[in-house]
file entry-v2.cif (mmCIF, C-alpha atoms and all ligand atoms)
data_query
loop_
_atom_site.label_atom_id
_atom_site.label_comp_id
_atom_site.auth_asym_id
_atom_site.auth_seq_id
_atom_site.Cartn_x
_atom_site.Cartn_y
_atom_site.Cartn_z
CA MET H 1423 18.87 -8.55 -28.02
CA PHE H 1424 20.24 -11.98 -27.13
CA GLU H 1425 17.73 -14.82 -27.37
CA ASP H 1426 18.26 -16.05 -23.81
CA LEU H 1427 17.85 -12.53 -22.48
CA ARG H 1428 14.61 -12.18 -24.38
CA GLU H 1429 13.37 -15.44 -22.89
CA LEU H 1430 14.30 -14.32 -19.40
CA TYR H 1431 12.40 -11.07 -19.94
CA GLN H 1432 9.33 -12.93 -21.16
CA GLU H 1433 9.50 -15.22 -18.13
CA VAL H 1434 9.51 -12.20 -15.77
CA ILE H 1435 6.48 -10.73 -17.58
CA PHE H 1436 4.59 -14.05 -17.40
CA ASP H 1437 5.46 -14.37 -13.73
CA HIS H 1438 4.18 -10.88 -12.84
CA ASN H 1439 1.05 -11.47 -14.89
CA ARG H 1440 0.31 -14.78 -13.17
CA ASN H 1441 1.19 -13.52 -9.70
CA PRO H 1442 0.84 -9.74 -9.67
CA ARG H 1443 2.68 -8.13 -6.75
CA ASN H 1444 0.89 -5.64 -4.48
CA PHE H 1445 -2.46 -6.60 -6.01
CA HIS H 1446 -4.93 -5.40 -3.39
CA VAL H 1447 -7.04 -2.45 -2.32
CA MET H 1448 -5.17 -0.20 0.11
CA GLU H 1449 -6.99 1.06 3.19
CA ASN H 1450 -6.37 4.74 3.98
CA ALA H 1451 -4.36 5.38 0.84
CA ASP H 1452 -3.01 8.92 0.51
CA ARG H 1453 -3.50 8.85 -3.24
CA GLN H 1454 -5.92 6.85 -5.38
CA VAL H 1455 -6.21 7.31 -9.14
CA ASP H 1456 -7.90 5.26 -11.88
CA GLY H 1457 -6.17 4.63 -15.18
CA PHE H 1458 -7.72 3.38 -18.39
CA ASN H 1459 -6.29 2.38 -21.76
CA PRO H 1460 -9.30 2.22 -24.13
CA LEU H 1461 -7.15 0.92 -26.97
CA CYS H 1462 -6.68 -2.41 -25.19
CA GLY H 1463 -9.25 -2.27 -22.36
CA ASP H 1464 -6.67 -2.15 -19.57
CA LYS H 1465 -8.09 -0.73 -16.34
CA LEU H 1466 -6.37 -0.15 -13.05
CA THR H 1467 -6.66 1.72 -9.78
CA LEU H 1468 -3.39 2.78 -8.23
CA PHE H 1469 -3.03 3.33 -4.46
CA LEU H 1470 -0.12 5.13 -2.81
CA LYS H 1471 0.91 5.83 0.73
CA LEU H 1472 3.24 8.77 1.20
CA ASP H 1473 5.39 9.89 4.09
CA GLY H 1474 6.45 13.39 3.18
CA ASP H 1475 8.35 12.98 -0.06
CA ILE H 1476 8.77 9.19 0.22
CA ILE H 1477 6.45 6.63 -1.39
CA THR H 1478 6.17 4.17 1.49
CA ASP H 1479 3.62 1.82 -0.10
CA ALA H 1480 2.00 1.16 -3.47
CA SER H 1481 -0.69 -1.27 -4.60
CA PHE H 1482 -3.20 -1.70 -7.40
CA GLN H 1483 -6.43 -3.32 -8.49
CA GLY H 1484 -7.87 -3.84 -11.92
CA SER H 1485 -7.73 -6.02 -14.96
CA GLY H 1486 -5.78 -5.82 -18.16
CA CYS H 1487 -3.55 -7.63 -20.59
CA ALA H 1488 -0.30 -9.35 -19.55
CA ILE H 1489 1.84 -6.33 -20.45
CA SER H 1490 -0.23 -3.82 -18.46
CA THR H 1491 -0.49 -6.14 -15.45
CA ALA H 1492 3.23 -6.96 -15.45
CA SER H 1493 4.06 -3.28 -15.87
CA VAL H 1494 1.97 -2.05 -12.91
CA SER H 1495 3.12 -5.00 -10.77
CA LEU H 1496 6.79 -4.23 -11.46
CA MET H 1497 6.18 -0.52 -10.94
CA THR H 1498 4.57 -0.92 -7.51
CA GLU H 1499 7.58 -2.99 -6.46
CA ILE H 1500 10.21 -0.60 -7.74
CA ILE H 1501 8.74 2.71 -6.48
CA LYS H 1502 8.39 1.64 -2.84
CA GLY H 1503 10.89 3.57 -0.74
CA LYS H 1504 11.65 5.99 -3.58
CA THR H 1505 11.21 9.74 -3.34
CA GLN H 1506 8.63 11.33 -5.61
CA ALA H 1507 11.44 12.87 -7.69
CA GLN H 1508 13.13 9.46 -8.10
CA ALA H 1509 9.81 7.93 -9.20
CA GLU H 1510 9.28 10.70 -11.77
CA GLU H 1511 12.81 10.11 -13.04
CA LEU H 1512 12.04 6.41 -13.49
CA PHE H 1513 8.87 7.37 -15.39
CA THR H 1514 10.95 9.48 -17.79
CA LEU H 1515 13.48 6.67 -18.32
CA PHE H 1516 10.71 4.11 -18.76
CA HIS H 1517 8.91 6.31 -21.27
CA GLU H 1518 12.11 6.85 -23.28
CA MET H 1519 12.84 3.12 -23.16
CA THR H 1520 9.39 1.96 -24.31
CA THR H 1521 8.89 4.61 -26.99
CA GLY H 1522 12.36 4.11 -28.41
CA LYS H 1523 13.38 7.74 -28.00
CA GLU H 1524 16.48 6.59 -26.21
CA GLU H 1525 18.56 4.15 -28.23
CA HIS H 1526 20.94 3.23 -25.44
CA ILE H 1527 18.97 2.26 -22.40
CA ASN H 1528 20.74 2.56 -19.08
CA LEU H 1529 19.77 -0.92 -17.87
CA GLU H 1530 21.25 -0.30 -14.46
CA ALA H 1531 19.07 2.76 -13.92
CA VAL H 1532 15.81 1.05 -14.90
CA GLY H 1533 16.59 -2.25 -13.16
CA LYS H 1534 13.92 -4.90 -13.59
CA LEU H 1535 11.84 -2.54 -15.73
CA ALA H 1536 14.17 -3.44 -18.60
CA VAL H 1537 12.06 -6.55 -19.16
CA LEU H 1538 9.49 -4.28 -20.82
CA ALA H 1539 11.95 -2.69 -23.26
CA GLY H 1540 10.71 -5.09 -25.96
CA VAL H 1541 7.35 -3.31 -26.29
CA ARG H 1542 9.05 -0.62 -28.35
CA GLU H 1543 8.86 -3.11 -31.22
CA PHE H 1544 5.07 -3.21 -30.81
CA PRO H 1545 3.77 0.40 -30.87
CA ALA H 1546 0.20 -0.73 -30.13
CA ARG H 1547 1.38 -2.19 -26.81
CA VAL H 1548 3.35 0.83 -25.61
CA LYS H 1549 0.24 2.30 -23.93
CA CYS H 1550 -0.32 -0.99 -22.12
CA ALA H 1551 3.16 -0.66 -20.61
CA THR H 1552 3.02 3.07 -19.85
CA LEU H 1553 -0.55 3.21 -18.42
CA ALA H 1554 0.69 2.43 -14.89
CA TRP H 1555 3.27 5.20 -15.10
CA HIS H 1556 0.88 7.83 -16.44
CA THR H 1557 -1.43 6.93 -13.55
CA LEU H 1558 1.47 7.23 -11.09
CA ASP H 1559 2.37 10.61 -12.55
CA ALA H 1560 -1.22 11.84 -11.97
CA ALA H 1561 -1.22 10.42 -8.42
CA LEU H 1562 2.04 12.18 -7.56
CA LYS H 1563 0.67 15.43 -8.94
CA ASN H 1564 -2.40 14.82 -6.76
CA GLN H 1565 -4.81 14.83 -9.70
CA GLN H 1566 -8.14 13.23 -8.82
CA GLN H 1567 -9.63 12.60 -12.25
CA ALA H 1568 -9.16 9.30 -14.06
CA VAL H 1569 -6.25 8.96 -16.47
CA SER H 1570 -6.88 7.86 -20.04
CA THR H 1571 -4.15 7.07 -22.52
CA GLU H 1572 -6.35 8.33 -25.38
ZN ZN S 1601 -3.06 -3.90 -22.82
#
call {"tool": "encode", "arguments": {"input": "entry-v2.cif", "output": "structure tokens", "more": "lines below"}}
Ligand code: ZN
result
Amino acid sequence: MFEDLRELYQEVIFDHNRNPRNFHVMENADRQVDGFNPLCGDKLTLFLKLDGDIITDASFQGSGCAISTASVSLMTEIIKGKTQAQAEELFTLFHEMTTGKEEHINLEAVGKLAVLAGVREFPARVKCATLAWHTLDAALKNQQQAVSTE
């Protein structure tokens, strides 16, 4: 990865950690699921509003490390207006990108999420990055119980 690209990615992560987007409790959410990553202590509650198949709004609350906060902040931004199937597709791409199962990441398909591709070099941090997405997956499947990465 080019050095300047790496710096840009880090800047985006810092920015989302300092100023998380959609960081609030949602009134009358259609879905609400807690996620927990015991390995790091990351905790979040994800809120979704759905209109049929479309995710019309997403927000979160919680506390965690910079990677987990940036990841859930970016995720809530990117899934708004997506269909549930499109969101699940992004989850698959994101999982492949962060676990290194896919060597050639389709940067266009993952958009801004590409800033988190670097976690694949730090296996202990992969769960920080994927916690938000596992929680989203549970919310879309309408599971009520809390999600744990362990
Ligand atoms: Zn973490």
call {"tool": "closest_residue", "arguments": {"input": "entry-v2.cif", "among": "H:His1526, H:Lys1502, H:Lys1549, H:Lys1563", "to": "ligand ZN 1601 (chain S)", "atoms": "only C-alpha atoms and all ligand atoms"}}
result
H:Lys1549
call {"tool": "residues_near_ligand", "arguments": {"input": "entry-v2.cif", "ligand": "ligand ZN 1601 (chain S)", "cutoff": "10 Å", "atoms": "all atoms listed in the file", "output": "list of chain:residue names"}}
result
H:Phe1458, H:Asn1459, H:Pro1460, H:Leu1461, H:Cys1462, H:Gly1463, H:Asp1464, H:Lys1465, H:Ser1485, H:Gly1486, H:Cys1487, H:Ala1488, H:Ile1489, H:Ser1490, H:Thr1491, H:Ser1493, H:Ala1546, H:Arg1547, H:Val1548, H:Lys1549, H:Cys1550, H:Ala1551, H:Thr1552, H:Leu1553
call {"tool": "residues_around", "arguments": {"input": "entry-v2.cif", "residues": "Tyr1431 in chain H", "least_positions_apart": "2", "cutoff": "10 Å", "atoms": "only C-alpha atoms", "output": "ChimeraX atom specification"}}
result
/H:1425-1429,1433-1437,1534-1540
call {"tool": "closest_residue", "arguments": {"input": "entry-v2.cif", "among": "H:Leu1470, H:Ile1501, H:Met1519, H:Leu1430", "to": "Asp1456 in chain H", "atoms": "all atoms listed in the file"}}
result
H:Leu1470
call {"tool": "residues_around", "arguments": {"input": "entry-v2.cif", "residues": "Gln1565 in chain H", "least_positions_apart": "6", "cutoff": "9 Å", "atoms": "only C-alpha atoms", "output": "list in words"}}
result
Arg1453, Val1455 and Asp1559 of chain H
call {"tool": "residues_around", "arguments": {"input": "entry-v2.cif", "residues": "Ala1492 in chain H", "least_positions_apart": "5", "cutoff": "7 Å", "atoms": "only C-alpha atoms", "output": "PyMOL selection string"}}
result
chain H and resi 1435+1438-1439+1442
call {"tool": "closest_residue", "arguments": {"input": "entry-v2.cif", "among": "H:Gln1483, H:Asn1528, H:Asn1450, H:Thr1505", "to": "Leu1562 in chain H", "atoms": "only C-alpha atoms"}}
result
H:Thr1505
call {"tool": "atom_distance", "arguments": {"input": "entry-v2.cif", "atom1": "CA of Val1494 in chain H", "atom2": "CA of Ala1554 in chain H"}}
result
5.1 Å
call {"tool": "closest_residue", "arguments": {"input": "entry-v2.cif", "among": "H:Ala1509, H:Ile1527, H:Leu1515, H:Val1569", "to": "Asp1475 in chain H", "atoms": "all atoms listed in the file"}}
result
H:Ala1509
call {"tool": "atom_distance", "arguments": {"input": "entry-v2.cif", "atom1": "CA of Thr1520 in chain H", "atom2": "CA of Asn1564 in chain H"}}
result
24.7 Å
call {"tool": "atom_distance", "arguments": {"input": "entry-v2.cif", "atom1": "CA of His1517 in chain H", "atom2": "CA of Met1497 in chain H"}}
result
12.7 Å
call {"tool": "closest_residue", "arguments": {"input": "entry-v2.cif", "among": "H:Gln1567, H:Gln1432, H:Asn1444, H:Gln1506", "to": "Ala1480 in chain H", "atoms": "all atoms listed in the file"}}
result
H:Asn1444
call {"tool": "build_atoms", "arguments": {"input": "entry-v2.cif", "residues": "range 1438-1471 of chain H", "atoms": "N, CA and C atoms", "output": "short mmCIF file (atom, residue, chain, number, x, y, z; two decimals), keeping the file's coordinate frame"}}
result
data_model
loop_
_atom_site.label_atom_id
_atom_site.label_comp_id
_atom_site.auth_asym_id
_atom_site.auth_seq_id
_atom_site.Cartn_x
_atom_site.Cartn_y
_atom_site.Cartn_z
N HIS H 1438 4.90 -12.01 -13.45
CA HIS H 1438 4.18 -10.88 -12.84
C HIS H 1438 2.72 -10.86 -13.28
N ASN H 1439 2.43 -11.41 -14.44
CA ASN H 1439 1.05 -11.47 -14.89
C ASN H 1439 0.28 -12.56 -14.13
N ARG H 1440 0.94 -13.68 -13.91
CA ARG H 1440 0.31 -14.78 -13.17
C ARG H 1440 0.15 -14.44 -11.69
N ASN H 1441 1.18 -13.85 -11.14
CA ASN H 1441 1.19 -13.52 -9.70
C ASN H 1441 1.51 -12.04 -9.50
N PRO H 1442 0.55 -11.19 -9.79
CA PRO H 1442 0.84 -9.74 -9.67
C PRO H 1442 1.21 -9.39 -8.23
N ARG H 1443 2.25 -8.57 -8.08
CA ARG H 1443 2.68 -8.13 -6.75
C ARG H 1443 1.84 -6.92 -6.33
N ASN H 1444 1.61 -6.80 -5.03
CA ASN H 1444 0.89 -5.64 -4.48
C ASN H 1444 -0.49 -5.48 -5.10
N PHE H 1445 -1.15 -6.60 -5.36
CA PHE H 1445 -2.46 -6.60 -6.01
C PHE H 1445 -3.55 -6.65 -4.93
N HIS H 1446 -3.87 -5.48 -4.41
CA HIS H 1446 -4.93 -5.40 -3.39
C HIS H 1446 -5.36 -3.95 -3.21
N VAL H 1447 -6.56 -3.78 -2.66
CA VAL H 1447 -7.04 -2.45 -2.32
C VAL H 1447 -6.30 -2.00 -1.08
N MET H 1448 -5.89 -0.73 -1.05
CA MET H 1448 -5.17 -0.20 0.11
C MET H 1448 -6.13 0.62 0.97
N GLU H 1449 -6.19 0.27 2.25
CA GLU H 1449 -6.99 1.06 3.19
C GLU H 1449 -6.24 2.36 3.48
N ASN H 1450 -6.97 3.46 3.60
CA ASN H 1450 -6.37 4.74 3.98
C ASN H 1450 -5.22 5.16 3.07
N ALA H 1451 -5.39 4.93 1.78
CA ALA H 1451 -4.36 5.38 0.84
C ALA H 1451 -4.33 6.91 0.81
N ASP H 1452 -3.13 7.47 0.63
CA ASP H 1452 -3.01 8.92 0.51
C ASP H 1452 -3.40 9.38 -0.89
N ARG H 1453 -3.16 8.52 -1.85
CA ARG H 1453 -3.50 8.85 -3.24
C ARG H 1453 -4.19 7.64 -3.86
N GLN H 1454 -5.21 7.91 -4.66
CA GLN H 1454 -5.92 6.85 -5.38
C GLN H 1454 -6.36 7.42 -6.72
N VAL H 1455 -5.87 6.81 -7.81
CA VAL H 1455 -6.21 7.31 -9.14
C VAL H 1455 -6.52 6.12 -10.05
N ASP H 1456 -7.56 6.28 -10.89
CA ASP H 1456 -7.90 5.26 -11.88
C ASP H 1456 -7.20 5.55 -13.19
N GLY H 1457 -6.77 4.49 -13.85
CA GLY H 1457 -6.17 4.63 -15.18
C GLY H 1457 -6.86 3.71 -16.15
N PHE H 1458 -6.99 4.16 -17.39
CA PHE H 1458 -7.72 3.38 -18.39
C PHE H 1458 -7.02 3.52 -19.74
N ASN H 1459 -6.85 2.39 -20.41
CA ASN H 1459 -6.29 2.38 -21.76
C ASN H 1459 -7.35 1.81 -22.70
N PRO H 1460 -8.17 2.68 -23.31
CA PRO H 1460 -9.30 2.22 -24.13
C PRO H 1460 -8.87 1.38 -25.33
N LEU H 1461 -7.65 1.62 -25.80
CA LEU H 1461 -7.15 0.92 -26.97
C LEU H 1461 -7.13 -0.59 -26.74
N CYS H 1462 -6.83 -0.99 -25.51
CA CYS H 1462 -6.68 -2.41 -25.19
C CYS H 1462 -7.73 -2.88 -24.18
N GLY H 1463 -8.29 -1.92 -23.41
CA GLY H 1463 -9.25 -2.27 -22.36
C GLY H 1463 -8.61 -2.46 -21.00
N ASP H 1464 -7.36 -2.04 -20.86
CA ASP H 1464 -6.67 -2.15 -19.57
C ASP H 1464 -7.23 -1.12 -18.59
N LYS H 1465 -7.55 -1.60 -17.38
CA LYS H 1465 -8.09 -0.73 -16.34
C LYS H 1465 -7.34 -0.99 -15.06
N LEU H 1466 -6.99 0.07 -14.35
CA LEU H 1466 -6.37 -0.15 -13.05
C LEU H 1466 -6.69 0.99 -12.11
N THR H 1467 -6.60 0.70 -10.83
CA THR H 1467 -6.66 1.72 -9.78
C THR H 1467 -5.36 1.62 -9.01
N LEU H 1468 -4.67 2.74 -8.92
CA LEU H 1468 -3.39 2.78 -8.23
C LEU H 1468 -3.58 3.42 -6.85
N PHE H 1469 -2.97 2.81 -5.83
CA PHE H 1469 -3.03 3.33 -4.46
C PHE H 1469 -1.61 3.63 -3.99
N LEU H 1470 -1.43 4.78 -3.36
CA LEU H 1470 -0.12 5.13 -2.81
C LEU H 1470 -0.25 5.58 -1.37
N LYS H 1471 0.77 5.25 -0.59
CA LYS H 1471 0.91 5.83 0.73
C LYS H 1471 2.19 6.65 0.72
#
